[in-house]
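Enquirer: The following file, structure.cif, comprises mmCIF, C-alpha atoms:
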```cif
data_coords
loop_
_atom_site.group_PDB
_atom_site.id
_atom_site.type_symbol
_atom_site.label_atom_id
_atom_site.label_comp_id
_atom_site.auth_asym_id
_atom_site.auth_seq_id
_atom_site.Cartn_x
_atom_site.Cartn_y
_atom_site.Cartn_z
ATOM 1 C CA MET A 6 19.251 9.663 -11.878
ATOM 2 C CA VAL A 7 15.567 8.937 -12.553
ATOM 3 C CA VAL A 8 14.228 7.145 -9.506
ATOM 4 C CA MET A 9 10.880 5.771 -10.738
ATOM 5 C CA LYS A 10 11.256 2.036 -11.366
ATOM 6 C CA ILE A 11 9.221 1.636 -14.523
ATOM 7 C CA ASP A 12 10.233 -1.995 -15.118
ATOM 8 C CA ALA A 13 9.155 -2.913 -11.585
ATOM 9 C CA LEU A 14 5.838 -1.126 -12.036
ATOM 10 C CA LYS A 15 5.222 -2.888 -15.343
ATOM 11 C CA GLN A 16 5.997 -6.244 -13.738
ATOM 12 C CA PHE A 17 3.688 -5.461 -10.804
ATOM 13 C CA ARG A 18 0.825 -4.550 -13.129
ATOM 14 C CA ALA A 19 1.468 -7.516 -15.423
ATOM 15 C CA LYS A 20 1.181 -9.959 -12.532
ATOM 16 C CA LEU A 21 -2.072 -8.406 -11.389
ATOM 17 C CA SER A 22 -3.549 -8.331 -14.889
ATOM 18 C CA GLY A 23 -2.618 -12.007 -15.172
ATOM 19 C CA ASP A 24 -4.483 -12.746 -11.920
ATOM 20 C CA GLN A 25 -1.232 -13.590 -10.155
ATOM 21 C CA PRO A 26 -0.567 -12.640 -6.525
ATOM 22 C CA VAL A 27 1.852 -9.837 -5.706
ATOM 23 C CA LEU A 28 3.429 -10.281 -2.293
ATOM 24 C CA GLY A 29 4.696 -7.568 -0.005
ATOM 25 C CA MET A 30 4.987 -6.154 3.483
ATOM 26 C CA PHE A 31 4.416 -2.973 5.440
ATOM 27 C CA VAL A 32 7.439 -1.182 6.886
ATOM 28 C CA THR A 33 6.915 0.568 10.222
ATOM 29 C CA LEU A 34 10.392 0.478 11.804
ATOM 30 C CA GLU A 35 13.264 2.855 11.108
ATOM 31 C CA SER A 36 16.048 0.700 9.683
ATOM 32 C CA PRO A 37 16.301 0.640 5.867
ATOM 33 C CA SER A 38 17.966 -2.750 6.320
ATOM 34 C CA ILE A 39 14.422 -4.109 6.673
ATOM 35 C CA THR A 40 13.536 -2.919 3.184
ATOM 36 C CA GLU A 41 16.863 -4.182 1.825
ATOM 37 C CA MET A 42 15.910 -7.630 3.114
ATOM 38 C CA ALA A 43 12.496 -7.383 1.449
ATOM 39 C CA VAL A 44 14.166 -6.436 -1.828
ATOM 40 C CA GLY A 45 16.732 -9.208 -1.501
ATOM 41 C CA LEU A 46 13.984 -11.760 -0.903
ATOM 42 C CA GLY A 47 12.225 -10.649 -4.068
ATOM 43 C CA LEU A 48 9.050 -9.142 -2.610
ATOM 44 C CA ASP A 49 6.901 -7.480 -5.249
ATOM 45 C CA TRP A 50 6.143 -4.450 -3.098
ATOM 46 C CA VAL A 51 6.711 -2.679 0.187
ATOM 47 C CA VAL A 52 4.515 -0.040 1.774
ATOM 48 C CA VAL A 53 6.358 2.450 3.969
ATOM 49 C CA ASP A 54 3.767 3.325 6.583
ATOM 50 C CA ALA A 55 3.515 7.061 7.191
ATOM 51 C CA GLU A 56 -0.082 6.866 8.409
ATOM 52 C CA HIS A 57 0.595 5.222 11.755
ATOM 53 C CA GLY A 58 3.711 5.078 13.875
ATOM 54 C CA HIS A 59 6.771 7.263 14.141
ATOM 55 C CA LEU A 60 8.620 7.286 10.810
ATOM 56 C CA ASP A 61 9.768 10.731 9.712
ATOM 57 C CA TRP A 62 10.547 11.847 6.173
ATOM 58 C CA GLY A 63 14.209 10.963 6.565
ATOM 59 C CA ASP A 64 13.247 7.408 7.526
ATOM 60 C CA ILE A 65 10.788 7.192 4.635
ATOM 61 C CA THR A 66 13.352 8.363 2.099
ATOM 62 C CA ALA A 67 15.943 5.909 3.432
ATOM 63 C CA HIS A 68 13.504 3.041 2.900
ATOM 64 C CA LEU A 69 12.744 4.262 -0.629
ATOM 65 C CA ARG A 70 16.468 4.431 -1.387
ATOM 66 C CA ALA A 71 16.802 0.783 -0.330
ATOM 67 C CA THR A 72 14.582 -0.202 -3.270
ATOM 68 C CA ILE A 73 16.449 1.721 -5.962
ATOM 69 C CA ARG A 74 17.122 -0.195 -9.208
ATOM 70 C CA SER A 75 15.191 -3.186 -7.847
ATOM 71 C CA HIS A 76 12.015 -4.919 -8.963
ATOM 72 C CA THR A 77 10.278 -4.122 -5.679
ATOM 73 C CA VAL A 78 7.640 -1.414 -6.011
ATOM 74 C CA ALA A 79 7.879 1.096 -3.159
ATOM 75 C CA LEU A 80 4.685 2.764 -1.959
ATOM 76 C CA VAL A 81 4.114 5.231 0.862
ATOM 77 C CA ARG A 82 0.930 5.031 2.888
ATOM 78 C CA VAL A 83 0.211 8.677 3.601
ATOM 79 C CA ALA A 84 -1.534 9.801 6.775
ATOM 80 C CA SER A 85 -4.660 11.055 5.020
ATOM 81 C CA LEU A 86 -6.064 12.242 1.718
ATOM 82 C CA ASP A 87 -3.845 15.323 1.543
ATOM 83 C CA SER A 88 -2.384 16.527 -1.742
ATOM 84 C CA GLY A 89 0.624 17.981 0.091
ATOM 85 C CA LEU A 90 1.496 14.650 1.709
ATOM 86 C CA ILE A 91 0.978 12.782 -1.562
ATOM 87 C CA LYS A 92 3.181 15.239 -3.442
ATOM 88 C CA ARG A 93 5.925 14.974 -0.844
ATOM 89 C CA ALA A 94 5.889 11.166 -0.865
ATOM 90 C CA LEU A 95 6.186 11.105 -4.654
ATOM 91 C CA ASP A 96 8.886 13.780 -4.668
ATOM 92 C CA CYS A 97 10.888 11.605 -2.247
ATOM 93 C CA GLY A 98 10.836 8.905 -4.902
ATOM 94 C CA ALA A 99 7.885 6.650 -4.077
ATOM 95 C CA ASP A 100 6.514 4.646 -6.982
ATOM 96 C CA GLY A 101 3.035 5.364 -5.731
ATOM 97 C CA VAL A 102 0.876 6.055 -2.720
ATOM 98 C CA MET A 103 -1.596 4.161 -0.589
ATOM 99 C CA VAL A 104 -4.370 6.489 0.584
ATOM 100 C CA PRO A 105 -6.439 5.564 3.661
ATOM 101 C CA TRP A 106 -10.092 6.062 4.486
ATOM 102 C CA ILE A 107 -11.404 6.529 0.953
ATOM 103 C CA GLU A 108 -15.207 6.518 1.063
ATOM 104 C CA THR A 109 -16.456 8.388 -2.011
ATOM 105 C CA ALA A 110 -15.725 8.635 -5.701
ATOM 106 C CA GLU A 111 -14.991 12.340 -5.213
ATOM 107 C CA GLN A 112 -12.275 11.516 -2.674
ATOM 108 C CA LEU A 113 -10.781 8.875 -4.944
ATOM 109 C CA ARG A 114 -10.701 11.260 -7.918
ATOM 110 C CA ALA A 115 -8.943 13.813 -5.702
ATOM 111 C CA ALA A 116 -6.354 11.204 -4.694
ATOM 112 C CA VAL A 117 -5.641 10.332 -8.323
ATOM 113 C CA ALA A 118 -5.430 14.018 -9.291
ATOM 114 C CA ALA A 119 -2.890 14.638 -6.512
ATOM 115 C CA THR A 120 -0.537 12.109 -8.145
ATOM 116 C CA ARG A 121 -0.777 13.553 -11.655
ATOM 117 C CA TYR A 122 1.043 16.538 -13.075
ATOM 118 C CA PRO A 123 -1.146 19.127 -14.872
ATOM 119 C CA PRO A 124 -3.166 19.218 -16.965
ATOM 120 C CA GLU A 125 -4.396 15.758 -15.845
ATOM 121 C CA GLY A 126 -3.927 16.552 -12.164
ATOM 122 C CA VAL A 127 -2.705 19.010 -9.568
ATOM 123 C CA ARG A 128 0.716 17.653 -8.549
ATOM 124 C CA GLY A 129 3.286 20.423 -8.334
ATOM 125 C CA ILE A 130 6.633 19.989 -10.062
ATOM 126 C CA GLY A 131 9.673 20.062 -7.815
ATOM 127 C CA ALA A 132 13.410 19.574 -8.276
ATOM 128 C CA GLU A 133 13.635 16.803 -5.689
ATOM 129 C CA ARG A 134 14.823 13.204 -5.584
ATOM 130 C CA ALA A 135 12.116 11.898 -7.932
ATOM 131 C CA THR A 136 13.407 14.164 -10.698
ATOM 132 C CA GLY A 137 17.091 13.602 -9.946
ATOM 133 C CA TRP A 138 17.055 16.963 -8.154
ATOM 134 C CA GLY A 139 15.900 18.610 -11.364
ATOM 135 C CA GLU A 140 18.462 17.009 -13.685
ATOM 136 C CA HIS A 141 15.798 14.734 -15.191
ATOM 137 C CA LEU A 142 12.725 16.817 -14.546
ATOM 138 C CA ALA A 143 11.353 16.730 -18.103
ATOM 139 C CA ARG A 144 11.813 12.984 -18.427
ATOM 140 C CA HIS A 145 10.212 12.232 -15.073
ATOM 141 C CA ALA A 146 7.298 14.568 -15.725
ATOM 142 C CA ALA A 147 6.683 12.815 -19.042
ATOM 143 C CA GLN A 148 6.641 9.363 -17.435
ATOM 144 C CA ALA A 149 5.103 9.821 -14.005
ATOM 145 C CA ASN A 150 1.437 10.336 -14.913
ATOM 146 C CA GLN A 151 1.363 7.037 -16.766
ATOM 147 C CA HIS A 152 3.230 4.939 -14.231
ATOM 148 C CA VAL A 153 2.555 6.191 -10.681
ATOM 149 C CA LEU A 154 0.402 3.827 -8.603
ATOM 150 C CA VAL A 155 -2.611 4.918 -6.579
ATOM 151 C CA VAL A 156 -3.901 2.361 -4.080
ATOM 152 C CA PRO A 157 -6.986 3.490 -2.128
ATOM 153 C CA ILE A 158 -7.862 1.744 1.124
ATOM 154 C CA LEU A 159 -11.578 0.971 1.368
ATOM 155 C CA GLU A 160 -12.082 0.427 5.076
ATOM 156 C CA THR A 161 -15.474 1.717 6.162
ATOM 157 C CA VAL A 162 -19.143 0.876 5.885
ATOM 158 C CA ALA A 163 -19.600 4.096 3.923
ATOM 159 C CA ALA A 164 -17.157 2.865 1.278
ATOM 160 C CA THR A 165 -19.291 -0.229 0.768
ATOM 161 C CA ARG A 166 -22.378 1.912 0.216
ATOM 162 C CA ASN A 167 -20.507 3.862 -2.469
ATOM 163 C CA LEU A 168 -18.888 0.874 -4.203
ATOM 164 C CA PRO A 169 -20.614 1.292 -7.593
ATOM 165 C CA ASP A 170 -19.285 4.846 -7.947
ATOM 166 C CA LEU A 171 -15.844 4.005 -6.519
ATOM 167 C CA CYS A 172 -15.410 1.207 -9.046
ATOM 168 C CA GLN A 173 -15.859 3.646 -11.919
ATOM 169 C CA VAL A 174 -13.040 6.046 -10.992
ATOM 170 C CA PRO A 175 -10.163 5.711 -13.506
ATOM 171 C CA GLY A 176 -6.474 5.788 -12.673
ATOM 172 C CA VAL A 177 -6.587 3.051 -10.012
ATOM 173 C CA ASP A 178 -4.881 -0.296 -10.640
ATOM 174 C CA VAL A 179 -5.646 -2.014 -7.341
ATOM 175 C CA CYS A 180 -7.466 -1.219 -4.098
ATOM 176 C CA PHE A 181 -6.817 -2.426 -0.569
ATOM 177 C CA VAL A 182 -9.197 -3.271 2.267
ATOM 178 C CA GLY A 183 -8.663 -2.638 5.972
ATOM 179 C CA PRO A 184 -10.395 -5.211 8.206
ATOM 180 C CA ALA A 185 -9.677 -3.498 11.535
ATOM 181 C CA ASP A 186 -10.915 -0.050 10.537
ATOM 182 C CA TYR A 187 -13.884 -1.571 8.731
ATOM 183 C CA SER A 188 -14.740 -3.441 11.925
ATOM 184 C CA ALA A 189 -14.544 -0.216 13.934
ATOM 185 C CA SER A 190 -16.807 1.604 11.468
ATOM 186 C CA ALA A 191 -19.298 -1.285 11.795
ATOM 187 C CA GLY A 192 -19.354 -0.952 15.592
ATOM 188 C CA HIS A 193 -16.784 -3.614 16.443
ATOM 189 C CA ARG A 194 -13.881 -1.447 17.577
ATOM 190 C CA GLY A 195 -10.742 -3.365 18.513
ATOM 191 C CA GLN A 196 -11.587 -6.471 16.488
ATOM 192 C CA TRP A 197 -9.575 -7.433 13.417
ATOM 193 C CA GLU A 198 -12.652 -8.776 11.637
ATOM 194 C CA GLY A 199 -15.900 -8.294 13.539
ATOM 195 C CA PRO A 200 -19.260 -9.953 12.869
ATOM 196 C CA GLY A 201 -20.342 -9.530 9.251
ATOM 197 C CA VAL A 202 -17.089 -7.860 8.222
ATOM 198 C CA ALA A 203 -15.749 -10.890 6.351
ATOM 199 C CA GLN A 204 -18.747 -10.785 3.998
ATOM 200 C CA ALA A 205 -18.478 -7.010 3.582
ATOM 201 C CA LEU A 206 -14.823 -7.319 2.548
ATOM 202 C CA LYS A 207 -15.764 -10.105 0.154
ATOM 203 C CA ASP A 208 -18.393 -7.776 -1.350
ATOM 204 C CA ILE A 209 -15.702 -5.129 -1.935
ATOM 205 C CA LEU A 210 -13.427 -7.743 -3.479
ATOM 206 C CA ASP A 211 -16.127 -9.067 -5.795
ATOM 207 C CA ALA A 212 -17.231 -5.589 -6.899
ATOM 208 C CA GLN A 213 -13.674 -4.559 -7.715
ATOM 209 C CA ARG A 214 -12.865 -7.783 -9.539
ATOM 210 C CA ALA A 215 -16.049 -7.454 -11.600
ATOM 211 C CA GLN A 216 -14.580 -4.196 -12.932
ATOM 212 C CA GLY A 217 -11.212 -5.822 -13.641
ATOM 213 C CA ARG A 218 -9.581 -4.202 -10.622
ATOM 214 C CA PRO A 219 -7.671 -6.470 -8.199
ATOM 215 C CA CYS A 220 -7.971 -6.094 -4.466
ATOM 216 C CA GLY A 221 -5.452 -6.442 -1.648
ATOM 217 C CA VAL A 222 -5.428 -7.175 2.062
ATOM 218 C CA MET A 223 -3.011 -7.711 4.926
ATOM 219 C CA THR A 224 -2.765 -11.308 6.121
ATOM 220 C CA THR A 225 -2.090 -12.464 9.661
ATOM 221 C CA GLY A 226 -0.296 -15.768 9.110
ATOM 222 C CA ALA A 227 0.044 -18.777 6.823
ATOM 223 C CA ASP A 228 -3.543 -19.990 7.202
ATOM 224 C CA ASP A 229 -5.002 -16.523 6.694
ATOM 225 C CA PHE A 230 -2.752 -15.993 3.667
ATOM 226 C CA ALA A 231 -4.033 -19.201 2.071
ATOM 227 C CA ALA A 232 -7.652 -18.243 2.796
ATOM 228 C CA ARG A 233 -7.292 -14.707 1.397
ATOM 229 C CA ARG A 234 -5.587 -15.986 -1.724
ATOM 230 C CA ALA A 235 -8.352 -18.539 -2.249
ATOM 231 C CA GLN A 236 -10.955 -15.791 -1.838
ATOM 232 C CA GLY A 237 -9.383 -13.915 -4.739
ATOM 233 C CA PHE A 238 -7.297 -11.220 -3.066
ATOM 234 C CA ARG A 239 -4.208 -10.598 -5.176
ATOM 235 C CA MET A 240 -2.161 -7.852 -3.456
ATOM 236 C CA LEU A 241 -1.280 -9.866 -0.385
ATOM 237 C CA GLY A 242 0.526 -8.391 2.596
ATOM 238 C CA LEU A 243 2.584 -10.952 4.487
ATOM 239 C CA GLY A 244 2.542 -8.693 7.536
ATOM 240 C CA SER A 245 4.324 -5.647 8.869
ATOM 241 C CA ASP A 246 7.973 -5.762 9.865
ATOM 242 C CA ALA A 247 7.046 -5.487 13.555
ATOM 243 C CA ALA A 248 4.345 -8.158 13.306
ATOM 244 C CA LEU A 249 6.637 -10.552 11.455
ATOM 245 C CA LEU A 250 9.377 -10.002 14.037
ATOM 246 C CA LEU A 251 6.984 -10.626 16.903
ATOM 247 C CA ARG A 252 5.561 -13.691 15.173
ATOM 248 C CA GLY A 253 9.061 -15.118 14.852
ATOM 249 C CA LEU A 254 9.967 -14.241 18.433
ATOM 250 C CA HIS A 255 6.806 -15.808 19.845
ATOM 251 C CA GLY A 256 7.504 -18.968 17.868
ATOM 252 C CA ALA A 257 11.085 -19.157 19.101
ATOM 253 C CA LEU A 258 10.071 -18.422 22.694
ATOM 254 C CA ALA A 259 7.288 -21.000 22.545
ATOM 255 C CA ALA A 260 9.793 -23.612 21.382
ATOM 256 C CA ALA A 261 11.941 -22.717 24.403
ATOM 257 C CA GLY A 262 8.981 -22.806 26.787
ATOM 258 C CA ARG A 263 9.287 -19.086 27.495
ATOM 259 C CA ASP A 264 6.536 -17.457 25.424
ATOM 260 C CA GLN A 265 4.411 -14.750 27.049
ATOM 261 C CA PRO A 266 2.225 -11.806 26.005
ATOM 262 C CA LEU A 267 4.071 -8.619 25.098
ATOM 263 C CA GLU A 268 4.235 -6.332 28.103
ATOM 264 C CA ALA A 269 3.567 -2.608 27.748
ATOM 265 C CA CYS A 270 6.808 -0.636 27.629
#
```
Here is the file; what I need is its structure written in the form of structure tokens.
Expert:
Amino acid sequence: MVVMKIDALKQFRAKLSGDQPVLGMFVTLESPSITEMAVGLGLDWVVVDAEHGHLDWGDITAHLRATIRSHTVALVRVASLDSGLIKRALDCGADGVMVPWIETAEQLRAAVAATRYPPEGVRGIGAERATGWGEHLARHAAQANQHVLVVPILETVAATRNLPDLCQVPGVDVCFVGPADYSASAGHRGQWEGPGVAQALKDILDAQRAQGRPCGVMTTGADDFAARRAQGFRMLGLGSDAALLLRGLHGALAAAGRDQPLEAC
């Protein structure tokens, strides 16, 4: 069994190169049924979030398994720029990785190298799920460098300063922006999009698009989705599983006259 979904990756890239939106969600909860629903609804991508929250590698692999033989690209957001974490996510069968807090071209080149087998990169070869536990090692190794996705998250003021160099790093099909972390780095901790941050994110978007590289962002609801799409963002997150669940619950409770803020557990 060769796990990498090349047809799904080709479809994902074709939509982006055609300036079409690719829709997806972040997975933060344990149940792989969540990812099965995303696949069944035809989402273009899911990101299994291993940066924040409590998912372990068993949970991550279960979510990846839920996308097998589908047209939903499965990415893992690793906790940091760490070649060991990137290698492990890919060995578990991820179609690519999302790497947070990328600020320099050197960091981005290191992230790309961590996803490539030598001589193009530094990814070690293992007889794990991605290679069919070694049964298809040669085939996977021949295909992976060409097809694996690397999605850096540009989410700091420093990343904006280094945009010209970041835009020149090869091996990246799409980047993502992080409004909340960008706001914190700009001195507006705790705000989703602090003063001036909207323009800064638009600057990142415009710089990437000028180089033919699409840009993605998480949206917070229907109105925000429409606004982000109109701005030109193309990898559009509909929300996280937890956020979408809470959004639905608040709506249902409001209709019943029982809505209230979430209490701390």
Enquirer: Identify the residues around (14.9, 17.2, -5.6) within a radius of 12 Å, measuring from only C-alpha atoms in the coordinates stated by the file, and give them as a list in words.
Expert: Met6, Val7, Val8, Thr66, Arg93, Ala94, Leu95, Asp96, Cys97, Gly98, Ile130, Gly131, Ala132, Glu133, Arg134, Ala135, Thr136, Gly137, Trp138, Gly139, Glu140, His141, Leu142 and His145 of chain A
Enquirer: Could you expand the PyMOL selection byres ((chain A and resi 187) around 10) into the explicit residues it covers here, written as a PyMOL selection string?
Expert: chain A and resi 106+159-165+182-186+188-194+196-199+202-203+205-206
Enquirer: Which residue out of A:Leu90, A:Gly201, A:Pro37, A:Met42 has the minimum interatomic distance to His68 (chain A) when all atoms listed in the file are used?
Expert: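 Closest to His68 (chain A) of all the choices is A:Pro37.
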Enquirer: Between A:Ala43, A:Ala67, A:Leu60, A:Val222, single out the one closest to Ala84 (chain A), counting all atoms listed in the file.
Expert: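 Ranking A:Ala43, A:Ala67, A:Leu60, A:Val222 by distance to Ala84 (chain A), first place goes to A:Leu60.
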Enquirer: Name the residues in contact with region 17-32 of chain A at a cut-off of 6 Å, using all atoms listed in the file, excluding same-chain residues fewer than 6 positions from it; report them as a VMD selection string.
Expert: chain A and resid 48 to 54 239 to 246
Enquirer: Starting from the displayed file, determine the output of the PyMOL selection byres ((chain A and resi 153-157) around 8) and express the residue list as a list in words.
Expert: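 On this input, the PyMOL selection byres ((chain A and resi 153-157) around 8) captures Leu80, Asp100, Gly101, Val102, Met103, Val104, Pro105, Trp106, Ile107, Leu113, Ala116, Val117, Thr120, Ala149, Asn150, Gln151, His152, Ile158, Leu159, Gly176, Val177, Asp178, Val179, Cys180 and Phe181 of chain A.
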Enquirer: Would you mind telling me which residue in A:Arg74, A:Pro175, A:Glu108, A:Leu86 lies nearest to Glu125 (chain A) when using all atoms listed in the file?
Expert: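 Closest residue, counting all atoms listed in the file: A:Pro175.
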Enquirer: When you draw a straight line from CA of Ser36 (chain A) to CA of Arg70 (chain A), how long is it in Å?
Expert: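 Separation of CA of Ser36 (chain A) and CA of Arg70 (chain A): 11.7 Å.
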Enquirer: Suppose you want the space between CA of Leu14 (chain A) and CA of Thr72 (chain A); what is it in Å?
Expert: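 CA of Thr72 (chain A) lies 12.4 Å from CA of Leu14 (chain A).
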Enquirer: Would you pick out the contacts of region 213-215 of chain A at 10 Å or less, using only C-alpha atoms, so that residues sharing its chain but fewer than 4 positions from it are not included, and give the list as a list in words?
Expert: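 The neighbour list is Leu168, Pro169, Leu171, Cys172, Gln173, Val179, Cys180, Lys207, Asp208, Ile209, Pro219, Cys220, Gly237 and Phe238 of chain A.
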Enquirer: What does the structure give for the distance between CA of Ala110 (chain A) and CA of Asp170 (chain A), in Å to one decimal?
Expert: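 Computing it gives 5.7 Å between the two atoms.
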Enquirer: Generate N, CA and C atoms for region 64-81 of chain A and emit them as a compact mmCIF listing (two decimals), keeping the file's coordinate frame.
Expert:
```
# COMPACT_ATOMS: atom_id res chain seq x y z
N ASP A 64 13.41 8.86 7.49
CA ASP A 64 13.25 7.41 7.53
C ASP A 64 12.58 6.91 6.24
N ILE A 65 11.53 7.60 5.83
CA ILE A 65 10.79 7.19 4.64
C ILE A 65 11.70 7.19 3.41
N THR A 66 12.46 8.27 3.26
CA THR A 66 13.35 8.36 2.10
C THR A 66 14.43 7.29 2.14
N ALA A 67 14.94 6.96 3.32
CA ALA A 67 15.94 5.91 3.43
C ALA A 67 15.37 4.56 2.99
N HIS A 68 14.14 4.28 3.35
CA HIS A 68 13.50 3.04 2.90
C HIS A 68 13.31 3.04 1.38
N LEU A 69 12.91 4.18 0.82
CA LEU A 69 12.74 4.26 -0.63
C LEU A 69 14.08 4.05 -1.34
N ARG A 70 15.14 4.60 -0.79
CA ARG A 70 16.47 4.43 -1.39
C ARG A 70 16.88 2.95 -1.40
N ALA A 71 16.43 2.20 -0.41
CA ALA A 71 16.80 0.78 -0.33
C ALA A 71 16.18 -0.04 -1.46
N THR A 72 15.22 0.53 -2.17
CA THR A 72 14.58 -0.20 -3.27
C THR A 72 15.08 0.24 -4.64
N ILE A 73 16.03 1.16 -4.69
CA ILE A 73 16.45 1.72 -5.96
C ILE A 73 17.00 0.63 -6.88
N ARG A 74 16.68 0.74 -8.17
CA ARG A 74 17.12 -0.20 -9.21
C ARG A 74 16.75 -1.65 -8.89
N SER A 75 15.67 -1.84 -8.15
CA SER A 75 15.19 -3.19 -7.85
C SER A 75 13.87 -3.42 -8.58
N HIS A 76 13.33 -4.62 -8.42
CA HIS A 76 12.02 -4.92 -8.96
C HIS A 76 10.96 -4.96 -7.86
N THR A 77 11.24 -4.26 -6.78
CA THR A 77 10.28 -4.12 -5.68
C THR A 77 9.65 -2.74 -5.74
N VAL A 78 8.36 -2.69 -5.96
CA VAL A 78 7.64 -1.41 -6.01
C VAL A 78 7.56 -0.84 -4.60
N ALA A 79 7.87 0.44 -4.47
CA ALA A 79 7.88 1.10 -3.16
C ALA A 79 6.74 2.12 -3.09
N LEU A 80 5.81 1.86 -2.19
CA LEU A 80 4.68 2.76 -1.96
C LEU A 80 4.82 3.42 -0.59
N VAL A 81 4.21 4.58 -0.44
CA VAL A 81 4.11 5.23 0.86
C VAL A 81 2.64 5.33 1.22
```
